[in-house]
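Student: Just query_4.txt, nothing more (compact mmCIF, C-alpha atoms and all ligand atoms):
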# COMPACT_ATOMS: atom_id res chain seq x y z
CA MET A 19 -8.78 -24.71 -7.06
CA PRO A 20 -9.75 -23.57 -10.59
CA GLU A 21 -7.18 -21.68 -12.66
CA PHE A 22 -7.49 -18.00 -11.95
CA THR A 23 -5.47 -15.26 -13.56
CA PRO A 24 -6.53 -11.89 -12.27
CA GLN A 25 -7.00 -8.97 -14.61
CA PHE A 26 -5.68 -6.71 -11.85
CA ILE A 27 -3.96 -6.99 -8.52
CA ASP A 28 -4.77 -4.34 -5.96
CA THR A 29 -1.30 -4.26 -4.44
CA HIS A 30 -2.42 -2.18 -1.47
CA GLY A 31 -5.94 -2.89 -0.19
CA HIS A 32 -6.58 -2.75 3.57
CA VAL A 33 -9.53 -5.12 3.78
CA ASN A 34 -7.99 -5.99 7.14
CA PHE A 35 -8.97 -2.54 8.52
CA ASN A 36 -12.00 -1.89 10.72
CA ALA A 37 -13.88 -0.22 7.86
CA PHE A 38 -14.39 -3.75 6.52
CA LYS A 39 -14.92 -5.57 9.79
CA ASP A 40 -18.53 -6.50 9.02
CA ASP A 41 -18.14 -7.50 5.40
CA GLY A 42 -14.46 -8.07 4.56
CA GLY A 43 -15.17 -11.54 3.18
CA ALA A 44 -17.84 -10.21 0.81
CA VAL A 45 -15.47 -7.46 -0.32
CA ILE A 46 -12.74 -9.99 -1.11
CA GLN A 47 -15.22 -12.16 -2.99
CA ARG A 48 -16.43 -9.15 -5.01
CA ALA A 49 -12.83 -8.39 -5.91
CA LEU A 50 -12.19 -11.96 -7.10
CA ASP A 51 -15.52 -12.05 -8.97
CA ASN A 52 -14.33 -8.93 -10.80
CA GLY A 53 -10.95 -10.44 -11.62
CA VAL A 54 -9.03 -8.55 -8.95
CA GLY A 55 -6.49 -10.09 -6.58
CA ILE A 56 -5.36 -8.34 -3.38
CA VAL A 57 -2.20 -7.78 -1.38
CA MET A 58 -3.31 -6.62 2.08
CA PRO A 59 -0.72 -4.64 4.07
CA GLY A 60 -0.79 -4.34 7.85
CA SER A 61 -0.25 -1.07 9.72
CA GLN A 62 0.35 -2.42 13.24
CA ILE A 63 0.65 -5.86 14.81
CA ASP A 64 -3.13 -6.39 15.07
CA THR A 65 -3.94 -5.34 11.50
CA SER A 66 -0.94 -7.36 10.30
CA ARG A 67 -2.35 -10.43 12.07
CA ARG A 68 -5.75 -9.81 10.53
CA ALA A 69 -4.20 -9.61 7.05
CA VAL A 70 -2.53 -12.97 7.63
CA GLU A 71 -5.80 -14.44 8.92
CA TYR A 72 -7.58 -13.41 5.72
CA ALA A 73 -4.81 -14.79 3.52
CA GLU A 74 -4.82 -18.08 5.42
CA ARG A 75 -8.60 -18.37 5.41
CA TRP A 76 -8.90 -17.67 1.69
CA ASP A 77 -5.93 -19.82 0.76
CA HIS A 78 -5.95 -18.27 -2.70
CA PRO A 79 -2.80 -17.52 -4.75
CA TYR A 80 -3.93 -13.93 -5.31
CA ILE A 81 -5.11 -13.09 -1.78
CA ARG A 82 -1.96 -12.35 0.14
CA ALA A 83 -0.77 -10.44 3.22
CA ALA A 84 2.02 -8.05 4.15
CA ILE A 85 3.02 -7.23 7.71
CA GLY A 86 4.57 -4.10 9.18
CA LEU A 87 4.35 -1.08 11.44
CA HIS A 88 3.27 2.16 9.74
CA PRO A 89 5.05 5.36 10.85
CA ILE A 90 1.86 7.11 11.99
CA HIS A 91 1.46 4.43 14.66
CA LEU A 92 4.68 5.37 16.43
CA GLU A 93 2.93 8.18 18.32
CA ASP A 94 -0.58 8.81 19.59
CA ILE A 95 -1.92 11.36 17.20
CA GLN A 96 -5.26 12.52 15.93
CA VAL A 97 -5.29 11.82 12.22
CA ASP A 98 -7.45 13.98 10.04
CA GLU A 99 -7.34 12.75 6.49
CA SER A 100 -9.87 15.30 5.27
CA GLU A 101 -7.30 17.14 3.18
CA VAL A 102 -6.73 14.33 0.75
CA GLU A 103 -9.03 11.50 1.69
CA GLY A 104 -12.51 12.71 2.55
CA GLN A 105 -13.67 13.19 6.12
CA ILE A 106 -11.83 10.38 7.80
CA LYS A 107 -10.70 10.91 11.37
CA PHE A 108 -9.24 8.38 13.71
CA HIS A 109 -6.90 8.17 16.63
CA THR A 110 -3.70 6.17 16.26
CA ARG A 111 -2.55 3.76 18.94
CA LYS A 112 1.10 4.00 19.78
CA GLU A 113 3.20 0.91 19.14
CA LYS A 114 6.91 0.32 19.54
CA PHE A 115 8.36 -1.98 16.89
CA ALA A 116 9.01 -5.35 18.50
CA ARG A 117 10.85 -7.42 15.92
CA ALA A 118 10.15 -10.73 17.68
CA GLN A 119 6.38 -10.29 17.25
CA TYR A 120 6.62 -9.61 13.54
CA GLU A 121 9.23 -12.27 13.04
CA SER A 122 7.11 -14.97 14.61
CA LEU A 123 4.13 -13.85 12.52
CA LEU A 124 6.32 -14.00 9.43
CA LYS A 125 7.36 -17.54 10.27
CA SER A 126 3.78 -18.59 10.93
CA SER A 127 2.51 -18.26 7.34
CA ASP A 128 3.76 -18.75 3.79
CA LYS A 129 1.07 -16.34 2.56
CA ILE A 130 2.98 -13.24 3.64
CA VAL A 131 4.53 -11.74 0.51
CA ALA A 132 6.05 -8.49 1.81
CA ILE A 133 7.03 -6.35 4.77
CA GLY A 134 4.69 -3.35 4.84
CA GLU A 135 3.55 -0.94 5.16
CA VAL A 136 6.55 0.76 6.66
CA GLY A 137 8.08 4.13 5.95
CA LEU A 138 8.26 7.81 6.75
CA ASP A 139 5.47 10.31 7.28
CA TYR A 140 6.50 13.92 7.83
CA TRP A 141 2.99 15.24 7.20
CA ARG A 142 2.35 16.11 10.81
CA LEU A 143 5.49 16.67 12.81
CA PRO A 144 5.59 18.28 16.27
CA GLU A 145 6.26 22.06 16.25
CA ASP A 146 8.94 21.86 18.94
CA PRO A 147 12.27 21.45 17.08
CA SER A 148 13.77 18.88 19.44
CA LYS A 149 10.57 16.83 19.50
CA LYS A 150 10.44 17.07 15.74
CA GLU A 151 13.94 15.64 15.36
CA GLN A 152 13.19 12.94 17.93
CA TYR A 153 10.07 11.86 16.04
CA LYS A 154 11.89 11.78 12.71
CA LYS A 155 14.66 9.71 14.28
CA LEU A 156 12.13 7.26 15.70
CA GLN A 157 10.56 6.89 12.25
CA ILE A 158 13.93 6.39 10.58
CA ASP A 159 15.14 3.85 13.15
CA THR A 160 11.86 1.91 12.93
CA LEU A 161 12.02 1.88 9.14
CA ILE A 162 15.59 0.58 9.18
CA SER A 163 14.71 -2.18 11.68
CA GLN A 164 11.93 -3.33 9.37
CA LEU A 165 14.15 -3.16 6.28
CA ASP A 166 16.58 -5.36 8.24
CA LEU A 167 13.78 -7.87 8.87
CA ALA A 168 12.85 -7.82 5.17
CA LEU A 169 16.47 -8.36 4.19
CA ASP A 170 16.92 -11.26 6.61
CA TYR A 171 13.87 -13.04 5.17
CA LYS A 172 14.34 -11.83 1.57
CA ASN A 173 10.95 -10.18 1.47
CA PRO A 174 10.13 -7.18 -0.72
CA VAL A 175 9.01 -4.01 1.06
CA ILE A 176 5.91 -1.83 0.73
CA VAL A 177 6.96 1.71 1.64
CA HIS A 178 4.73 4.58 2.67
CA CYS A 179 6.25 8.03 2.15
CA ARG A 180 4.69 11.39 2.79
CA LYS A 181 6.72 14.60 2.54
CA ALA A 182 9.90 12.60 3.20
CA HIS A 183 11.09 11.36 -0.19
CA ASP A 184 14.68 12.62 0.10
CA ASP A 185 15.19 10.99 3.52
CA LEU A 186 13.58 7.80 2.26
CA PHE A 187 15.88 7.76 -0.73
CA SER A 188 19.03 8.09 1.34
CA ILE A 189 17.90 5.29 3.67
CA ILE A 190 17.00 2.77 0.99
CA ALA A 191 20.00 3.67 -1.17
CA ASN A 192 22.26 2.74 1.75
CA HIS A 193 20.37 -0.35 2.88
CA GLY A 194 21.33 -3.85 1.77
CA ILE A 195 17.75 -4.68 0.74
CA THR A 196 18.14 -2.57 -2.40
CA ARG A 197 21.02 -4.71 -3.66
CA ALA A 198 19.91 -8.05 -2.20
CA LEU A 199 16.48 -8.22 -3.78
CA THR A 200 15.41 -7.63 -7.37
CA PRO A 201 13.06 -5.87 -7.18
CA PRO A 202 13.38 -4.64 -3.58
CA GLY A 203 9.85 -3.31 -3.32
CA VAL A 204 7.46 -0.46 -4.01
CA VAL A 205 7.10 3.17 -3.00
CA HIS A 206 3.33 3.07 -2.63
CA CYS A 207 0.91 5.98 -3.18
CA TYR A 208 3.66 7.90 -4.94
CA THR A 209 3.45 11.67 -4.47
CA GLY A 210 7.09 12.69 -4.94
CA ASN A 211 8.46 14.77 -7.79
CA LYS A 212 10.08 13.72 -11.05
CA SER A 213 13.69 13.90 -9.96
CA GLN A 214 12.96 11.84 -6.83
CA LEU A 215 11.10 9.41 -9.07
CA LYS A 216 14.20 9.01 -11.22
CA SER A 217 16.26 8.15 -8.12
CA PHE A 218 13.83 5.47 -6.93
CA LEU A 219 13.67 3.96 -10.41
CA GLU A 220 17.45 3.85 -10.65
CA LEU A 221 17.56 1.89 -7.40
CA GLY A 222 15.19 -0.67 -8.93
CA TRP A 223 12.13 0.18 -6.85
CA PHE A 224 8.59 0.03 -8.22
CA ILE A 225 6.12 2.91 -7.98
CA GLY A 226 2.54 2.52 -6.71
CA TYR A 227 -0.34 4.67 -7.96
CA ASN A 228 -3.85 4.84 -6.55
CA GLY A 229 -6.87 7.18 -6.37
CA ILE A 230 -4.67 10.04 -5.17
CA ILE A 231 -3.93 10.64 -8.86
CA PHE A 232 -7.46 12.05 -9.13
CA LYS A 233 -6.78 14.52 -6.31
CA MET A 234 -3.22 15.66 -6.96
CA ASN A 235 -1.61 16.63 -10.22
CA LEU A 236 0.72 13.72 -10.89
CA GLU A 237 0.37 13.57 -14.67
CA ASP A 238 4.01 14.38 -15.45
CA VAL A 239 5.24 11.94 -12.84
CA ILE A 240 3.03 9.17 -14.21
CA LYS A 241 4.17 9.92 -17.75
CA ALA A 242 7.77 9.64 -16.55
CA THR A 243 7.21 6.26 -14.88
CA PRO A 244 7.72 3.35 -17.29
CA LEU A 245 4.68 1.07 -17.34
CA GLU A 246 7.04 -1.81 -16.53
CA ARG A 247 7.68 -0.23 -13.12
CA ILE A 248 4.11 0.67 -12.08
CA LEU A 249 2.00 -1.14 -9.51
CA LEU A 250 -1.68 -0.31 -9.22
CA GLU A 251 -3.40 -0.11 -5.86
CA THR A 252 -6.46 1.32 -4.11
CA ASP A 253 -5.32 2.01 -0.52
CA SER A 254 -8.85 0.93 0.42
CA PRO A 255 -10.78 2.06 2.42
CA TYR A 256 -9.25 5.44 1.55
CA LEU A 257 -8.80 7.40 -1.68
CA THR A 258 -11.97 6.33 -3.48
CA PRO A 259 -11.65 7.24 -7.16
CA PRO A 260 -14.51 9.02 -8.90
CA LEU A 261 -16.81 6.14 -9.83
CA PRO A 262 -19.12 5.67 -12.79
CA ALA A 263 -22.81 5.83 -11.82
CA GLY A 264 -23.34 2.06 -11.94
CA ALA A 265 -20.63 1.41 -9.36
CA LEU A 266 -22.03 3.77 -6.75
CA PRO A 267 -24.52 1.67 -4.77
CA LEU A 268 -21.82 -0.72 -3.61
CA ALA A 269 -19.26 2.02 -3.11
CA LEU A 270 -21.50 3.91 -0.75
CA HIS A 271 -21.49 1.39 2.06
CA SER A 272 -20.77 3.60 5.01
CA PHE A 273 -17.94 2.98 7.45
CA SER A 274 -18.95 0.83 10.36
CA GLY A 275 -17.83 3.56 12.75
CA GLY A 276 -19.95 6.07 10.88
CA ALA A 277 -16.89 8.22 10.37
CA ALA A 278 -17.02 8.53 6.61
CA LYS A 279 -19.18 10.73 4.50
CA GLU A 280 -17.54 9.72 1.30
CA GLY A 281 -17.92 6.30 -0.30
CA ARG A 282 -15.63 3.60 1.01
CA ASN A 283 -13.03 2.44 -1.47
CA GLU A 284 -12.61 -1.26 -2.17
CA PRO A 285 -10.11 -3.35 -4.15
CA ARG A 286 -12.22 -3.93 -7.29
CA PHE A 287 -12.16 -0.15 -7.94
CA VAL A 288 -8.48 -0.47 -8.89
CA LYS A 289 -9.79 -0.57 -12.47
CA HIS A 290 -10.59 3.13 -12.30
CA VAL A 291 -6.98 3.90 -11.45
CA ALA A 292 -5.96 1.80 -14.46
CA GLU A 293 -8.32 3.76 -16.71
CA ARG A 294 -6.75 7.03 -15.62
CA VAL A 295 -3.18 5.74 -16.06
CA ALA A 296 -4.08 4.52 -19.56
CA GLU A 297 -5.55 7.93 -20.37
CA ILE A 298 -2.49 9.83 -19.08
CA LYS A 299 -0.01 7.54 -20.82
CA GLN A 300 -2.19 7.34 -23.96
CA ILE A 301 -2.05 3.58 -24.10
CA SER A 302 -4.79 0.98 -23.95
CA PHE A 303 -6.55 -0.10 -20.78
CA ASP A 304 -5.72 -3.73 -21.64
CA GLU A 305 -2.03 -2.99 -21.88
CA VAL A 306 -2.11 -1.30 -18.47
CA ALA A 307 -3.96 -4.28 -17.03
CA ARG A 308 -1.63 -6.87 -18.50
CA GLN A 309 1.65 -5.17 -17.65
CA THR A 310 0.78 -3.99 -14.12
CA THR A 311 -0.52 -7.45 -13.22
CA GLU A 312 2.72 -8.92 -14.53
CA ASN A 313 4.62 -6.37 -12.41
CA ALA A 314 2.69 -7.23 -9.24
CA LYS A 315 3.27 -10.95 -9.80
CA ARG A 316 6.98 -10.25 -10.16
CA VAL A 317 7.41 -7.95 -7.14
CA PHE A 318 5.39 -10.14 -4.76
CA ARG A 319 6.11 -13.52 -6.42
CA LEU A 320 2.41 -14.24 -6.80
CA GLY A 321 0.62 -17.06 -8.53
CA ASN A 322 2.57 -19.92 -6.98
ZN ZN B 1 -1.93 1.94 3.25
Spell out the structure here as structure tokens.
Ligand SMILES: [Zn+2]
Tutor:
Amino acid sequence: MPEFTPQFIDTHGHVNFNAFKDDGGAVIQRALDNGVGIVMPGSQIDTSRRAVEYAERWDHPYIRAAIGLHPIHLEDIQVDESEVEGQIKFHTRKEKFARAQYESLLKSSDKIVAIGEVGLDYWRLPEDPSKKEQYKKLQIDTLISQLDLALDYKNPVIVHCRKAHDDLFSIIANHGITRALTPPGVVHCYTGNKSQLKSFLELGWFIGYNGIIFKMNLEDVIKATPLERILLETDSPYLTPPLPAGALPLALHSFSGGAAKEGRNEPRFVKHVAERVAEIKQISFDEVARQTTENAKRVFRLGN
């Protein structure tokens, strides 16, 4: 294989999701052709398997998989992402975390670089107070089980967190993974505040930024995050950044299910997140590229 050092690594690109089922290979090739590597997190057992299949098929040092059960898949719920992510609606399929399944997947491939995405999502909790507590407890227990798995196999963790940053902090601060691994992982799609940010940084965790920085005001938080601790990501197919005119024809591939009105995001658009971070931090685009790629290689031990 020819030497390849990516300019960027999209540390959170779901090419393994159905939105890419007809052209995932072409999307990965476009990313590589544009100097972008990809870490592909799973959200359930099937999407985790698909991420591993891609990583195995590509057999490329910068196309890697992560496996895990996302908190929104613990209940059957109607997800409406219109508030932050365009008009995307889908129905989740309930899954109970079965460690043996994930563990055997983990053992099956050396191209799995992290456990993720796992975490807490308090965005839509049941109204009924007892149900609400039950659902939170289920999320917390499932997160801890997956942190245990990560700790046992010394894998870094990709954490999803929505409206739950204080609970997340107390869990990871008390879990062995935070002391056993340097760095222990990344809080992806960061939307917490500055004081929560400080806590995560003190624990040694990295912070992931994506196209949500164009939709929410996170300037102060980004300014407060040292470049040495930032990972860039897209969260494809979601959170498409505003794209320059030339990039639009490819971006506007519609979802295969016809569910999207907005352009589908893809890993190579991570550059637009980098441009915005450079602008906010008033540093050069090249410096952002170089340092964040270095960071991603370190967190996920890439390039070997
Ligand atoms: Zn994700």
Student: Distance table requested - chain A against ligand ZN 1 (chain B), cut-off 9 Å, only C-alpha atoms and all ligand atoms: one row per qualifying residue with the closest atom pair and its distance in Å to one decimal, ordered by chain and rising residue number, as JSON lines.
Tutor:
{"residue": "A:His30", "atom": "CA", "partner": "B:ZN1", "partner_atom": "ZN", "distance": 6.3}
{"residue": "A:Gly31", "atom": "CA", "partner": "B:ZN1", "partner_atom": "ZN", "distance": 7.2}
{"residue": "A:His32", "atom": "CA", "partner": "B:ZN1", "partner_atom": "ZN", "distance": 6.6}
{"residue": "A:Met58", "atom": "CA", "partner": "B:ZN1", "partner_atom": "ZN", "distance": 8.7}
{"residue": "A:Pro59", "atom": "CA", "partner": "B:ZN1", "partner_atom": "ZN", "distance": 6.7}
{"residue": "A:Gly60", "atom": "CA", "partner": "B:ZN1", "partner_atom": "ZN", "distance": 7.9}
{"residue": "A:Ser61", "atom": "CA", "partner": "B:ZN1", "partner_atom": "ZN", "distance": 7.3}
{"residue": "A:His88", "atom": "CA", "partner": "B:ZN1", "partner_atom": "ZN", "distance": 8.3}
{"residue": "A:Gly134", "atom": "CA", "partner": "B:ZN1", "partner_atom": "ZN", "distance": 8.6}
{"residue": "A:Glu135", "atom": "CA", "partner": "B:ZN1", "partner_atom": "ZN", "distance": 6.5}
{"residue": "A:His178", "atom": "CA", "partner": "B:ZN1", "partner_atom": "ZN", "distance": 7.2}
{"residue": "A:His206", "atom": "CA", "partner": "B:ZN1", "partner_atom": "ZN", "distance": 8.0}
{"residue": "A:Cys207", "atom": "CA", "partner": "B:ZN1", "partner_atom": "ZN", "distance": 8.1}
{"residue": "A:Thr252", "atom": "CA", "partner": "B:ZN1", "partner_atom": "ZN", "distance": 8.7}
{"residue": "A:Asp253", "atom": "CA", "partner": "B:ZN1", "partner_atom": "ZN", "distance": 5.1}
{"residue": "A:Ser254", "atom": "CA", "partner": "B:ZN1", "partner_atom": "ZN", "distance": 7.5}
{"residue": "A:Pro255", "atom": "CA", "partner": "B:ZN1", "partner_atom": "ZN", "distance": 8.9}
{"residue": "A:Tyr256", "atom": "CA", "partner": "B:ZN1", "partner_atom": "ZN", "distance": 8.3}
Student: Just checking: using only C-alpha atoms, which residue out of A:Pro174, A:Gly203, A:Pro147, A:Gly137 ends up closest to Ile189 of chain A?
Tutor: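 Residue with the minimum atom-to-atom distance to Ile189 of chain A: A:Gly137.
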Student: Contacts of segment 151-157 of chain A at 8 Å or less, counting all atoms listed in the file, minus same-chain residues fewer than 6 places along, as a compact mmCIF listing (two decimals) with C-alpha atoms, in the frame of the given file?
Tutor:
# COMPACT_ATOMS: atom_id res chain seq x y z
CA PRO A 89 5.05 5.36 10.85
CA LEU A 92 4.68 5.37 16.43
CA GLY A 137 8.08 4.13 5.95
CA LEU A 138 8.26 7.81 6.75
CA ASP A 139 5.47 10.31 7.28
CA TYR A 140 6.50 13.92 7.83
CA LEU A 143 5.49 16.67 12.81
CA PRO A 144 5.59 18.28 16.27
Student: Which residue out of A:Ala242, A:Ile130, A:Ala292, A:Ala116 has the minimum interatomic distance to Tyr72 of chain A when only C-alpha atoms are used?
Tutor: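 Distance minimum relative to Tyr72 of chain A lands on A:Ile130.
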Student: For segment 141-192 of chain A against segment 312-319 of chain A, with a cut-off of 12 Å and counting all atoms listed in the file, what is the closest atom pair and its distance in Å to one decimal for every residue that makes the cut, ordered by chain and number, as JSON lines?
Tutor:
{"residue": "A:Lys172", "atom": "CA", "partner": "A:Phe318", "partner_atom": "CA", "distance": 11.1}
{"residue": "A:Asn173", "atom": "CA", "partner": "A:Phe318", "partner_atom": "CA", "distance": 8.4}
{"residue": "A:Pro174", "atom": "CA", "partner": "A:Phe318", "partner_atom": "CA", "distance": 6.9}
{"residue": "A:Val175", "atom": "CA", "partner": "A:Phe318", "partner_atom": "CA", "distance": 9.2}
{"residue": "A:Ile176", "atom": "CA", "partner": "A:Phe318", "partner_atom": "CA", "distance": 10.0}
Student: Fewer than 3 positions away in the same chain doesn't count, so skip those; otherwise give me all residues within 7 Å of Ile56 of chain A, counting all atoms listed in the file, as a list in words.
Tutor: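 The residues that qualify are Ile27, Asp28, Thr29, Gly31, Tyr80, Ile81, Arg82 and Pro285 of chain A.
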